[in-house]
$ cat my_file-v7.cif   # mmCIF, C-alpha atoms
data_protein
#
loop_
_atom_site.label_atom_id
_atom_site.label_comp_id
_atom_site.auth_asym_id
_atom_site.auth_seq_id
_atom_site.Cartn_x
_atom_site.Cartn_y
_atom_site.Cartn_z
CA MET A 219 32.24 43.68 1.35
CA THR A 220 30.15 46.81 0.81
CA LYS A 221 27.04 47.55 2.78
CA MET A 222 24.95 47.13 -0.38
CA LYS A 223 26.38 43.66 -1.05
CA ILE A 224 25.72 42.58 2.54
CA GLN A 225 22.10 43.76 2.26
CA ASN A 226 21.68 41.89 -1.05
CA LEU A 227 23.17 38.70 0.44
CA THR A 228 20.89 38.98 3.47
CA LEU A 229 17.88 39.40 1.17
CA ILE A 230 18.86 36.34 -0.88
CA ILE A 231 19.25 34.20 2.26
CA ALA A 232 15.88 35.39 3.53
CA LEU A 233 14.20 34.59 0.22
CA LEU A 234 15.77 31.12 0.10
CA SER A 235 14.62 30.43 3.67
CA LEU A 236 11.13 31.61 2.82
CA PHE A 237 11.08 29.41 -0.28
CA ALA A 238 12.21 26.38 1.74
CA CYS A 239 9.55 27.03 4.37
CA GLN A 240 6.87 27.39 1.73
CA ASN A 241 7.93 24.09 0.15
CA GLN A 242 7.78 22.41 3.55
CA VAL A 243 4.34 23.82 4.23
CA GLN A 244 3.10 22.78 0.79
CA MET A 245 4.30 19.18 1.22
CA THR A 246 1.33 16.89 1.85
CA PRO A 247 1.47 14.34 4.70
CA GLN A 248 1.94 11.59 2.13
CA GLU A 249 4.78 13.45 0.42
CA LYS A 250 6.41 14.07 3.77
CA LEU A 251 6.15 10.38 4.66
CA ILE A 252 7.66 9.31 1.33
CA SER A 253 10.49 11.82 1.79
CA GLU A 254 11.23 10.41 5.24
CA LEU A 255 11.10 6.83 3.99
CA ASP A 256 13.47 7.77 1.18
CA GLU A 257 15.94 9.24 3.64
CA GLN A 258 15.67 6.31 6.04
CA PHE A 259 15.90 3.57 3.41
CA THR A 260 18.95 5.27 1.92
CA HIS A 261 20.69 4.24 5.16
CA PHE A 262 19.62 0.67 4.36
CA LEU A 263 21.46 0.95 1.04
CA SER A 264 24.63 1.84 2.90
CA ILE A 265 24.59 -1.48 4.79
CA THR A 266 23.76 -3.56 1.69
CA PRO A 267 26.96 -5.29 0.54
CA GLU A 268 28.20 -5.61 -3.02
CA GLY A 269 28.31 -9.40 -2.83
CA LYS A 270 25.42 -11.86 -3.02
CA GLU A 271 23.79 -10.89 0.25
CA VAL A 272 21.20 -8.42 1.46
CA PRO A 273 20.23 -7.43 5.00
CA ARG A 274 17.58 -9.69 6.50
CA SER A 275 17.02 -8.44 10.05
CA TYR A 276 18.38 -6.28 12.84
CA PRO A 277 19.34 -6.65 15.63
CA GLU A 278 19.94 -10.37 15.84
CA ASN A 279 22.47 -10.80 18.65
CA ASN A 280 23.31 -7.11 18.11
CA GLN A 281 24.33 -7.88 14.53
CA ILE A 282 22.80 -7.37 11.08
CA ARG A 283 21.63 -10.76 9.89
CA MET A 284 22.24 -11.21 6.17
CA ALA A 285 20.34 -13.20 3.55
CA SER A 286 22.14 -15.12 0.81
CA PRO A 287 20.60 -16.76 -2.30
CA LYS A 288 19.79 -19.73 -0.03
CA ASP A 289 17.61 -17.58 2.25
CA TRP A 290 13.87 -17.32 1.61
CA THR A 291 13.98 -13.59 2.42
CA CYS A 292 16.61 -12.62 -0.17
CA GLY A 293 14.07 -11.21 -2.65
CA PHE A 294 12.47 -8.70 -0.32
CA PRO A 295 15.14 -5.95 -0.21
CA PRO A 296 15.39 -5.65 -4.01
CA GLY A 297 11.60 -5.72 -4.13
CA SER A 298 11.47 -2.91 -1.58
CA MET A 299 13.91 -0.91 -3.70
CA TRP A 300 11.60 -1.30 -6.71
CA TYR A 301 8.74 -0.03 -4.56
CA MET A 302 10.85 2.93 -3.46
CA TYR A 303 11.52 3.68 -7.13
CA GLU A 304 7.78 3.51 -7.77
CA LEU A 305 7.02 5.80 -4.82
CA THR A 306 9.72 8.39 -5.51
CA GLY A 307 10.61 8.16 -9.20
CA ASP A 308 14.24 8.54 -8.14
CA GLU A 309 16.65 6.75 -10.47
CA LYS A 310 18.94 5.88 -7.56
CA TRP A 311 16.34 3.34 -6.45
CA LYS A 312 16.04 1.84 -9.91
CA GLU A 313 19.80 1.45 -10.04
CA ALA A 314 19.94 -0.12 -6.58
CA ALA A 315 16.95 -2.36 -7.29
CA THR A 316 18.47 -3.58 -10.55
CA LYS A 317 21.83 -4.38 -8.96
CA ASN A 318 20.30 -6.24 -6.02
CA THR A 319 17.75 -8.11 -8.13
CA LEU A 320 20.45 -9.50 -10.41
CA LYS A 321 22.34 -10.87 -7.41
CA PHE A 322 19.86 -13.70 -7.08
CA GLU A 323 19.26 -15.05 -10.60
CA GLU A 324 20.75 -18.39 -9.59
CA VAL A 325 17.72 -18.98 -7.36
CA LYS A 326 15.63 -19.77 -10.48
CA ASN A 327 17.01 -23.31 -10.59
CA ARG A 328 16.64 -24.20 -6.92
CA THR A 329 14.41 -27.25 -6.62
CA ASN A 330 14.86 -27.65 -2.86
CA THR A 331 12.59 -24.81 -1.74
CA HIS A 332 8.98 -23.73 -2.17
CA ASP A 333 9.82 -20.08 -1.45
CA LEU A 334 10.66 -19.20 -5.05
CA GLY A 335 7.76 -16.77 -5.28
CA PHE A 336 9.14 -14.76 -2.38
CA MET A 337 12.67 -14.95 -3.71
CA ILE A 338 12.07 -14.23 -7.39
CA TYR A 339 8.60 -12.78 -7.93
CA CYS A 340 9.04 -10.05 -5.29
CA SER A 341 12.26 -8.97 -6.99
CA TYR A 342 12.17 -9.98 -10.67
CA GLY A 343 8.38 -9.67 -10.75
CA ASN A 344 8.46 -6.02 -9.75
CA ALA A 345 11.46 -5.46 -12.00
CA TYR A 346 9.57 -6.72 -15.04
CA ARG A 347 6.36 -4.90 -14.09
CA LEU A 348 8.19 -1.57 -13.92
CA THR A 349 10.64 -1.98 -16.83
CA ASN A 350 9.22 -4.59 -19.28
CA ILE A 351 12.73 -5.93 -19.79
CA GLU A 352 12.37 -9.40 -21.33
CA ALA A 353 15.30 -10.90 -19.41
CA TYR A 354 13.40 -10.44 -16.15
CA LYS A 355 10.36 -12.22 -17.60
CA ASP A 356 12.48 -15.16 -18.73
CA VAL A 357 13.84 -15.64 -15.20
CA ILE A 358 10.34 -15.67 -13.69
CA ILE A 359 9.09 -18.25 -16.20
CA GLU A 360 12.08 -20.50 -15.58
CA THR A 361 11.54 -20.14 -11.83
CA SER A 362 7.87 -21.10 -12.21
CA GLU A 363 8.94 -24.21 -14.11
CA THR A 364 11.26 -25.05 -11.23
CA LEU A 365 8.57 -24.49 -8.60
CA ILE A 366 6.02 -26.86 -10.12
CA THR A 367 8.52 -29.73 -9.84
CA ARG A 368 7.59 -29.70 -6.14
CA PHE A 369 3.91 -30.37 -6.91
CA ASN A 370 2.50 -33.78 -5.98
CA PRO A 371 -0.73 -34.53 -7.90
CA THR A 372 -1.87 -37.12 -5.36
CA VAL A 373 -1.72 -34.56 -2.55
CA GLY A 374 -2.67 -31.69 -4.84
CA CYS A 375 -0.17 -29.31 -3.26
CA ILE A 376 3.34 -27.95 -3.65
CA ARG A 377 5.59 -29.44 -0.98
CA SER A 378 6.90 -26.89 1.49
CA TRP A 379 9.87 -28.08 3.52
CA ASP A 380 12.43 -30.80 2.89
CA PHE A 381 13.46 -30.97 6.55
CA GLY A 382 11.74 -32.48 9.57
CA GLU A 383 9.87 -35.76 10.06
CA TRP A 384 6.70 -34.80 8.21
CA GLN A 385 5.79 -37.04 5.28
CA TYR A 386 4.65 -34.19 3.03
CA PRO A 387 4.45 -30.82 4.84
CA VAL A 388 2.48 -27.92 3.41
CA ILE A 389 2.53 -24.59 5.27
CA ILE A 390 0.05 -21.74 4.98
CA ASP A 391 2.93 -19.48 3.87
CA ASN A 392 3.05 -21.43 0.61
CA MET A 393 -0.11 -19.63 -0.57
CA MET A 394 2.14 -16.66 -1.26
CA ASN A 395 4.11 -18.45 -3.96
CA LEU A 396 1.07 -19.08 -6.15
CA GLU A 397 0.91 -15.55 -7.57
CA MET A 398 3.99 -16.23 -9.66
CA LEU A 399 2.34 -19.33 -11.15
CA PHE A 400 -0.83 -17.45 -12.11
CA TRP A 401 1.39 -14.84 -13.76
CA ALA A 402 3.37 -17.49 -15.64
CA SER A 403 0.21 -18.94 -17.19
CA LYS A 404 -0.93 -15.51 -18.31
CA VAL A 405 2.34 -14.58 -20.03
CA THR A 406 3.08 -18.01 -21.56
CA GLY A 407 -0.45 -19.11 -22.40
CA ASN A 408 0.31 -22.45 -20.73
CA SER A 409 -2.35 -23.32 -18.17
CA LYS A 410 -0.25 -25.85 -16.26
CA TYR A 411 1.10 -23.26 -13.81
CA LYS A 412 -2.38 -21.93 -13.02
CA GLU A 413 -3.72 -25.47 -12.62
CA VAL A 414 -1.08 -26.22 -9.98
CA ALA A 415 -1.88 -22.95 -8.18
CA ILE A 416 -5.63 -23.64 -8.13
CA SER A 417 -5.16 -27.20 -6.91
CA HIS A 418 -2.87 -26.02 -4.11
CA ALA A 419 -5.29 -23.27 -3.09
CA ASP A 420 -8.26 -25.64 -3.05
CA VAL A 421 -6.59 -28.36 -1.00
CA THR A 422 -5.21 -25.78 1.44
CA MET A 423 -8.63 -24.17 1.79
CA GLU A 424 -10.14 -27.56 2.63
CA ASN A 425 -7.57 -28.66 5.20
CA HIS A 426 -5.83 -25.65 6.76
CA PHE A 427 -8.72 -23.77 8.34
CA ARG A 428 -10.77 -24.33 11.45
CA GLU A 429 -14.43 -23.41 11.77
CA ASP A 430 -13.61 -19.89 13.00
CA MET A 431 -11.20 -19.44 10.02
CA SER A 432 -8.08 -19.51 12.15
CA SER A 433 -5.36 -21.44 10.35
CA PHE A 434 -3.13 -24.35 11.13
CA HIS A 435 0.46 -23.57 10.23
CA VAL A 436 1.54 -26.99 8.94
CA VAL A 437 -0.54 -29.78 7.42
CA SER A 438 1.33 -32.97 6.57
CA TYR A 439 -0.18 -35.29 3.96
CA ASP A 440 -0.01 -38.98 3.17
CA THR A 441 1.59 -39.26 -0.27
CA ILE A 442 -0.28 -42.49 -1.07
CA THR A 443 -3.82 -41.43 -0.14
CA GLY A 444 -3.40 -37.64 -0.35
CA LYS A 445 -5.19 -37.30 3.01
CA PRO A 446 -4.00 -35.11 5.92
CA LEU A 447 -1.96 -36.94 8.54
CA GLU A 448 -1.07 -34.14 10.98
CA LYS A 449 -2.14 -30.55 11.60
CA GLN A 450 0.42 -28.64 13.64
CA THR A 451 2.35 -25.46 14.19
CA HIS A 452 6.03 -24.72 13.76
CA GLN A 453 6.27 -20.99 14.38
CA GLY A 454 3.05 -20.42 16.31
CA TYR A 455 2.29 -20.87 20.02
CA SER A 456 0.59 -24.27 19.77
CA ASP A 457 -0.97 -26.65 17.27
CA ASP A 458 -4.38 -25.18 18.03
CA SER A 459 -3.40 -21.50 18.07
CA ALA A 460 -3.63 -18.82 15.39
CA TRP A 461 -0.14 -17.70 14.42
CA SER A 462 -0.61 -14.10 13.31
CA ARG A 463 1.63 -14.11 10.27
CA GLY A 464 0.00 -17.33 9.12
CA GLN A 465 -3.37 -15.59 9.21
CA ALA A 466 -1.90 -12.77 7.13
CA TRP A 467 -0.44 -15.19 4.57
CA GLY A 468 -3.83 -16.84 4.18
CA LEU A 469 -5.67 -13.54 3.77
CA TYR A 470 -3.21 -12.26 1.19
CA GLY A 471 -3.09 -15.56 -0.69
CA TYR A 472 -6.83 -16.01 -1.10
CA THR A 473 -7.40 -12.36 -1.97
CA MET A 474 -4.83 -12.82 -4.75
CA CYS A 475 -6.49 -16.08 -5.86
CA TYR A 476 -9.79 -14.27 -6.27
CA ARG A 477 -8.11 -11.57 -8.33
CA GLU A 478 -6.58 -14.16 -10.64
CA THR A 479 -9.60 -16.46 -11.03
CA LYS A 480 -12.69 -14.44 -10.03
CA ASP A 481 -13.86 -17.61 -8.27
CA GLU A 482 -16.27 -16.53 -5.52
CA LYS A 483 -15.13 -19.28 -3.13
CA TYR A 484 -11.78 -17.53 -2.81
CA LEU A 485 -13.43 -14.19 -2.10
CA ASP A 486 -15.58 -15.87 0.54
CA VAL A 487 -12.64 -17.45 2.36
CA ALA A 488 -10.58 -14.23 2.13
CA GLN A 489 -13.41 -12.26 3.73
CA LYS A 490 -13.83 -14.81 6.51
CA ILE A 491 -10.10 -14.70 7.30
CA ALA A 492 -10.24 -10.89 7.26
CA ASP A 493 -13.18 -10.91 9.66
CA PHE A 494 -11.28 -13.20 12.04
CA ILE A 495 -8.26 -10.87 11.99
CA ILE A 496 -10.29 -7.70 12.53
CA LYS A 497 -12.32 -9.28 15.32
CA ASN A 498 -9.24 -10.52 17.20
CA ALA A 499 -6.80 -7.68 16.57
CA PRO A 500 -5.73 -5.38 19.43
CA GLU A 501 -6.78 -1.74 19.48
CA ASP A 502 -3.89 -0.52 17.32
CA MET A 503 -4.48 -3.37 14.80
CA ILE A 504 -0.89 -4.61 15.13
CA PRO A 505 -1.25 -8.23 16.22
CA PHE A 506 0.77 -10.03 18.81
CA TRP A 507 2.92 -12.79 17.30
CA ASP A 508 0.14 -15.30 17.96
CA TYR A 509 -3.51 -14.48 18.62
CA ASN A 510 -3.52 -17.10 21.39
CA ALA A 511 -0.16 -16.30 23.00
CA PRO A 512 -0.61 -16.87 26.75
CA GLU A 513 0.85 -13.64 28.15
CA ILE A 514 -1.01 -11.06 26.03
CA PRO A 515 -0.63 -8.06 26.33
CA ASN A 516 2.93 -8.82 27.48
CA GLU A 517 3.84 -10.66 24.29
CA PRO A 518 5.90 -9.44 21.32
CA LYS A 519 4.04 -7.78 18.47
CA ASP A 520 4.50 -8.67 14.81
CA ALA A 521 4.58 -5.62 12.55
CA SER A 522 5.28 -7.89 9.58
CA ALA A 523 1.93 -9.64 10.02
CA ALA A 524 0.26 -6.23 10.22
CA ALA A 525 1.94 -4.98 7.03
CA ILE A 526 0.95 -8.10 5.06
CA THR A 527 -2.60 -7.80 6.38
CA ALA A 528 -2.87 -4.11 5.46
CA SER A 529 -1.70 -4.75 1.91
CA ALA A 530 -4.21 -7.58 1.51
CA LEU A 531 -7.07 -5.59 3.03
CA PHE A 532 -6.51 -2.67 0.65
CA GLU A 533 -6.86 -5.06 -2.26
CA LEU A 534 -9.76 -6.99 -0.72
CA SER A 535 -11.69 -3.75 -0.16
CA GLY A 536 -11.85 -3.35 -3.93
CA TYR A 537 -13.58 -6.71 -4.35
CA SER A 538 -15.99 -6.70 -1.41
CA ALA A 539 -18.99 -4.42 -1.89
CA GLU A 540 -20.55 -5.44 1.42
CA ASN A 541 -17.44 -5.00 3.59
CA LYS A 542 -15.52 -2.40 1.60
CA GLU A 543 -15.55 0.28 4.29
CA SER A 544 -14.74 -2.14 7.08
CA TYR A 545 -11.69 -3.47 5.27
CA LEU A 546 -10.53 -0.01 4.21
CA ASN A 547 -10.89 1.32 7.73
CA ALA A 548 -8.92 -1.61 9.16
CA ALA A 549 -6.16 -1.23 6.58
CA ASN A 550 -5.91 2.51 7.16
CA LYS A 551 -5.76 1.96 10.90
CA ILE A 552 -2.90 -0.50 10.50
CA ILE A 553 -0.98 1.97 8.34
CA GLU A 554 -1.67 4.76 10.83
CA SER A 555 -0.15 2.61 13.56
CA LEU A 556 2.83 1.51 11.46
CA ASN A 557 3.50 5.13 10.52
CA SER A 558 3.60 6.14 14.18
CA GLU A 559 6.73 6.54 16.26
CA LYS A 560 5.85 3.31 18.04
CA TYR A 561 6.54 1.18 14.97
CA ARG A 562 8.35 3.26 12.35
CA ALA A 563 12.03 3.77 13.05
CA LYS A 564 13.46 7.24 13.47
CA ILE A 565 15.54 8.42 10.55
CA GLY A 566 19.14 7.29 10.89
CA THR A 567 18.36 4.48 13.35
CA ASN A 568 17.54 0.79 12.95
CA LYS A 569 20.28 0.36 10.28
CA GLY A 570 17.91 1.85 7.73
CA PHE A 571 15.12 -0.71 8.19
CA LEU A 572 11.77 1.08 8.13
CA LEU A 573 9.77 -0.80 10.75
CA GLU A 574 10.52 -2.07 14.22
CA HIS A 575 8.82 -4.76 16.32
CA SER A 576 8.45 -7.76 14.04
CA THR A 577 8.68 -11.35 15.20
CA GLY A 578 10.11 -14.11 13.07
CA HIS A 579 10.20 -17.41 15.00
CA LYS A 580 9.18 -16.94 18.63
CA PRO A 581 9.28 -20.63 19.70
CA LYS A 582 12.97 -20.71 18.77
CA GLU A 583 13.54 -17.17 20.09
CA SER A 584 14.81 -16.20 16.65
CA GLU A 585 14.26 -12.66 15.34
CA VAL A 586 11.96 -11.63 18.16
CA ASP A 587 11.04 -7.93 18.36
CA VAL A 588 13.38 -6.89 15.55
CA ALA A 589 13.34 -5.23 12.15
CA ILE A 590 12.80 -7.77 9.32
CA ASN A 591 13.07 -7.13 5.60
CA TYR A 592 9.72 -8.65 4.63
CA ALA A 593 7.92 -6.31 7.04
CA ASP A 594 9.35 -3.35 5.12
CA TYR A 595 8.45 -4.92 1.76
CA TYR A 596 4.77 -5.39 2.55
CA TYR A 597 4.62 -2.03 4.34
CA LEU A 598 5.80 -0.28 1.18
CA GLU A 599 3.41 -2.33 -0.93
CA ALA A 600 0.55 -1.39 1.39
CA LEU A 601 1.48 2.30 1.12
CA LEU A 602 1.43 2.05 -2.68
CA ARG A 603 -1.97 0.39 -2.63
CA GLN A 604 -3.28 2.99 -0.19
CA LYS A 605 -1.92 5.76 -2.42
CA ASN A 606 -3.55 4.25 -5.52
CA ILE A 607 -6.90 4.01 -3.75
CA ASN A 608 -6.70 7.59 -2.52
CA THR A 609 -5.85 8.96 -5.96
CA LYS A 610 -8.66 7.22 -7.83
#
$ encode --input "my_file-v7.cif" --output "structure tokens"
Amino acid sequence: MTKMKIQNLTLIIALLSLFACQNQVQMTPQEKLISELDEQFTHFLSITPEGKEVPRSYPENNQIRMASPKDWTCGFPPGSMWYMYELTGDEKWKEAATKNTLKFEEVKNRTNTHDLGFMIYCSYGNAYRLTNIEAYKDVIIETSETLITRFNPTVGCIRSWDFGEWQYPVIIDNMMNLEMLFWASKVTGNSKYKEVAISHADVTMENHFREDMSSFHVVSYDTITGKPLEKQTHQGYSDDSAWSRGQAWGLYGYTMCYRETKDEKYLDVAQKIADFIIKNAPEDMIPFWDYNAPEIPNEPKDASAAAITASALFELSGYSAENKESYLNAANKIIESLNSEKYRAKIGTNKGFLLEHSTGHKPKESEVDVAINYADYYYLEALLRQKNINTK
């Protein structure tokens, strides 16, 4: 190689390096975060099997725990892939989201679970929102029809579990499945889905909350009188404690109910739940698994509860004139903490899951201080909502 060619090659390498450095410098913090999430979640794709399963959590007994169509968490990974497509615009995420959404169509006919909103609306709902493909819409409507078969008009709620000795258990988590029913009424023009959702929200609001707006996890009803029989916990510390993810479900659910109905009573209860959470949260805004856990601060955290809360607070801040800044500040603080090295996994670790330190079912020592797919889903949703607020 001549001296001139060597000099030219050196100049080209230098220019390419300079260009790369300039691009890196010009990347905003948000762009850098999205780039890192894209790289990390691509590792998650590599552990997602072709069959009808998706990763649920890691590590559970040093293994990746999978979710099948029978698992309430099966809709979160495809939903997260749709969010990644929305954040990046990269077609690889649309392709992956489509493939993993279609794995779970059979769920639409399952009458033995209340979790159909999680399983179908988080996946097919985002799929339809981003593509307008009619086949997705049809699945969601059919699923909504299935879900309302679990509604008891005497109780006024959708039954949660079919196991245990409760007569008619309703858990605070069930508030999250109402969004699909509101949607179904809007797209079909049939009010029956919305009527079920409103009844469930009203009865839950009346019976699930204590004076300080902490929530019972489970309320069991008498199917003859419709009155509460028992108020307990299943995943929290005690019957009288405030399970942190339950608080997050309630906040998210009633914020959504206000969006769909514009009924001020839902805004009022959402704000009161938010105020309880903010008042009782630790300094970094990532709650321990239960606000009343006895060994705080030596108790496991729950990043999933934090992610759900952040997403809800970003939305609630748009409805609350009086507390807008307070809710925005709290949501931003949660995201700041989740983005930190303490909670966000290093690229190439954690089997591609984005967040660490979530807690699933502490009383049974199941999925304690692990990565869980619904934490990633609501984290990505919160980032999208934060991004939309910041770009207004």
$ residues_around --input "my_file-v7.cif" --residues "Ser558 (chain A)" --least-positions-apart "2" --cutoff "12 Å" --atoms "only C-alpha atoms" --output "list in words"
Leu251, Asp502, Ile504, Ala521, Lys551, Ile552, Ile553, Glu554, Ser555, Leu556, Lys560, Tyr561, Arg562, Ala563, Lys564, Leu572, Leu573 and Glu574 of chain A
$ resolve_selection --input "my_file-v7.cif" --expression "the PyMOL selection byres ((chain A and resi 294) around 7)" --output "list of chain:residue names"
A:Thr291, A:Cys292, A:Gly293, A:Pro295, A:Pro296, A:Gly297, A:Ser298, A:Cys340, A:Ser341, A:Asn591, A:Tyr592, A:Tyr595
$ residues_near_point --input "my_file-v7.cif" --point "(9.0, -23.3, -2.0)" --cutoff "9 Å" --atoms "only C-alpha atoms" --output "compact mmCIF listing (two decimals) with C-alpha atoms, keeping the file's coordinate frame"
# COMPACT_ATOMS: atom_id res chain seq x y z
CA TRP A 290 13.87 -17.32 1.61
CA THR A 329 14.41 -27.25 -6.62
CA ASN A 330 14.86 -27.65 -2.86
CA THR A 331 12.59 -24.81 -1.74
CA HIS A 332 8.98 -23.73 -2.17
CA ASP A 333 9.82 -20.08 -1.45
CA LEU A 334 10.66 -19.20 -5.05
CA GLY A 335 7.76 -16.77 -5.28
CA PHE A 336 9.14 -14.76 -2.38
CA LEU A 365 8.57 -24.49 -8.60
CA ARG A 368 7.59 -29.70 -6.14
CA ILE A 376 3.34 -27.95 -3.65
CA ARG A 377 5.59 -29.44 -0.98
CA SER A 378 6.90 -26.89 1.49
CA TRP A 379 9.87 -28.08 3.52
CA ASN A 392 3.05 -21.43 0.61
CA ASN A 395 4.11 -18.45 -3.96
$ resolve_selection --input "my_file-v7.cif" --expression "the PyMOL selection byres ((chain A and resi 568) around 10)" --output "ChimeraX atom specification"
/A:258,261-262,275-277,282,562-567,569-574,588-589
$ atom_distance --input "my_file-v7.cif" --atom1 "CA of Ala548 (chain A)" --atom2 "CA of Ile491 (chain A)"
13.3 Å
$ atom_distance --input "my_file-v7.cif" --atom1 "CA of Gln244 (chain A)" --atom2 "CA of Ala549 (chain A)"
26.4 Å
$ resolve_selection --input "my_file-v7.cif" --expression "the PyMOL selection byres ((chain A and resi 348) around 12)" --output "list in words"
Gly297, Met299, Trp300, Tyr301, Met302, Tyr303, Glu304, Leu305, Gly307, Lys312, Ala315, Thr316, Ser341, Tyr342, Gly343, Asn344, Ala345, Tyr346, Arg347, Thr349, Asn350, Ile351, Glu352, Tyr354 and Lys355 of chain A
$ write_last_selection --input "my_file-v7.cif" --atoms "C-alpha atoms" --output "mmCIF file, in the frame of the given file"
data_model
loop_
_atom_site.group_PDB
_atom_site.id
_atom_site.type_symbol
_atom_site.label_atom_id
_atom_site.label_comp_id
_atom_site.auth_asym_id
_atom_site.auth_seq_id
_atom_site.Cartn_x
_atom_site.Cartn_y
_atom_site.Cartn_z
ATOM 1 C CA GLY A 297 11.600 -5.720 -4.130
ATOM 2 C CA MET A 299 13.910 -0.910 -3.700
ATOM 3 C CA TRP A 300 11.600 -1.300 -6.710
ATOM 4 C CA TYR A 301 8.740 -0.030 -4.560
ATOM 5 C CA MET A 302 10.850 2.930 -3.460
ATOM 6 C CA TYR A 303 11.520 3.680 -7.130
ATOM 7 C CA GLU A 304 7.780 3.510 -7.770
ATOM 8 C CA LEU A 305 7.020 5.800 -4.820
ATOM 9 C CA GLY A 307 10.610 8.160 -9.200
ATOM 10 C CA LYS A 312 16.040 1.840 -9.910
ATOM 11 C CA ALA A 315 16.950 -2.360 -7.290
ATOM 12 C CA THR A 316 18.470 -3.580 -10.550
ATOM 13 C CA SER A 341 12.260 -8.970 -6.990
ATOM 14 C CA TYR A 342 12.170 -9.980 -10.670
ATOM 15 C CA GLY A 343 8.380 -9.670 -10.750
ATOM 16 C CA ASN A 344 8.460 -6.020 -9.750
ATOM 17 C CA ALA A 345 11.460 -5.460 -12.000
ATOM 18 C CA TYR A 346 9.570 -6.720 -15.040
ATOM 19 C CA ARG A 347 6.360 -4.900 -14.090
ATOM 20 C CA THR A 349 10.640 -1.980 -16.830
ATOM 21 C CA ASN A 350 9.220 -4.590 -19.280
ATOM 22 C CA ILE A 351 12.730 -5.930 -19.790
ATOM 23 C CA GLU A 352 12.370 -9.400 -21.330
ATOM 24 C CA TYR A 354 13.400 -10.440 -16.150
ATOM 25 C CA LYS A 355 10.360 -12.220 -17.600
#
$ residues_around --input "my_file-v7.cif" --residues "region 481-484 of chain A" --least-positions-apart "4" --cutoff "10 Å" --atoms "only C-alpha atoms" --output "list in words"
Ala419, Asp420, Met423, Leu469, Gly471, Tyr472, Thr473, Met474, Cys475, Tyr476, Arg477, Ala488, Gln489 and Lys490 of chain A
$ write_last_selection --input "my_file-v7.cif" --atoms "C-alpha atoms" --output "PDB file, in the coordinates of the input"
ATOM      1  CA  ALA A 419      -5.290 -23.270  -3.090  1.00  0.00           C
ATOM      2  CA  ASP A 420      -8.260 -25.640  -3.050  1.00  0.00           C
ATOM      3  CA  MET A 423      -8.630 -24.170   1.790  1.00  0.00           C
ATOM      4  CA  LEU A 469      -5.670 -13.540   3.770  1.00  0.00           C
ATOM      5  CA  GLY A 471      -3.090 -15.560  -0.690  1.00  0.00           C
ATOM      6  CA  TYR A 472      -6.830 -16.010  -1.100  1.00  0.00           C
ATOM      7  CA  THR A 473      -7.400 -12.360  -1.970  1.00  0.00           C
ATOM      8  CA  MET A 474      -4.830 -12.820  -4.750  1.00  0.00           C
ATOM      9  CA  CYS A 475      -6.490 -16.080  -5.860  1.00  0.00           C
ATOM     10  CA  TYR A 476      -9.790 -14.270  -6.270  1.00  0.00           C
ATOM     11  CA  ARG A 477      -8.110 -11.570  -8.330  1.00  0.00           C
ATOM     12  CA  ALA A 488     -10.580 -14.230   2.130  1.00  0.00           C
ATOM     13  CA  GLN A 489     -13.410 -12.260   3.730  1.00  0.00           C
ATOM     14  CA  LYS A 490     -13.830 -14.810   6.510  1.00  0.00           C
TER      15      LYS A 490
END
$ closest_atom_pairs --input "my_file-v7.cif" --of "region 286-390 of chain A" --to "region 428-434 of chain A" --cutoff "12 Å" --atoms "only C-alpha atoms" --output "Markdown table"
| residue | atom | partner | partner_atom | distance |
| --- | --- | --- | --- | --- |
| A:Pro387 | CA | A:Phe434 | CA | 11.8 |
| A:Val388 | CA | A:Phe434 | CA | 10.2 |
| A:Ile389 | CA | A:Phe434 | CA | 8.2 |
| A:Ile390 | CA | A:Phe434 | CA | 7.4 |
$ atom_distance --input "my_file-v7.cif" --atom1 "CA of Arg328 (chain A)" --atom2 "CA of Thr266 (chain A)"
23.5 Å
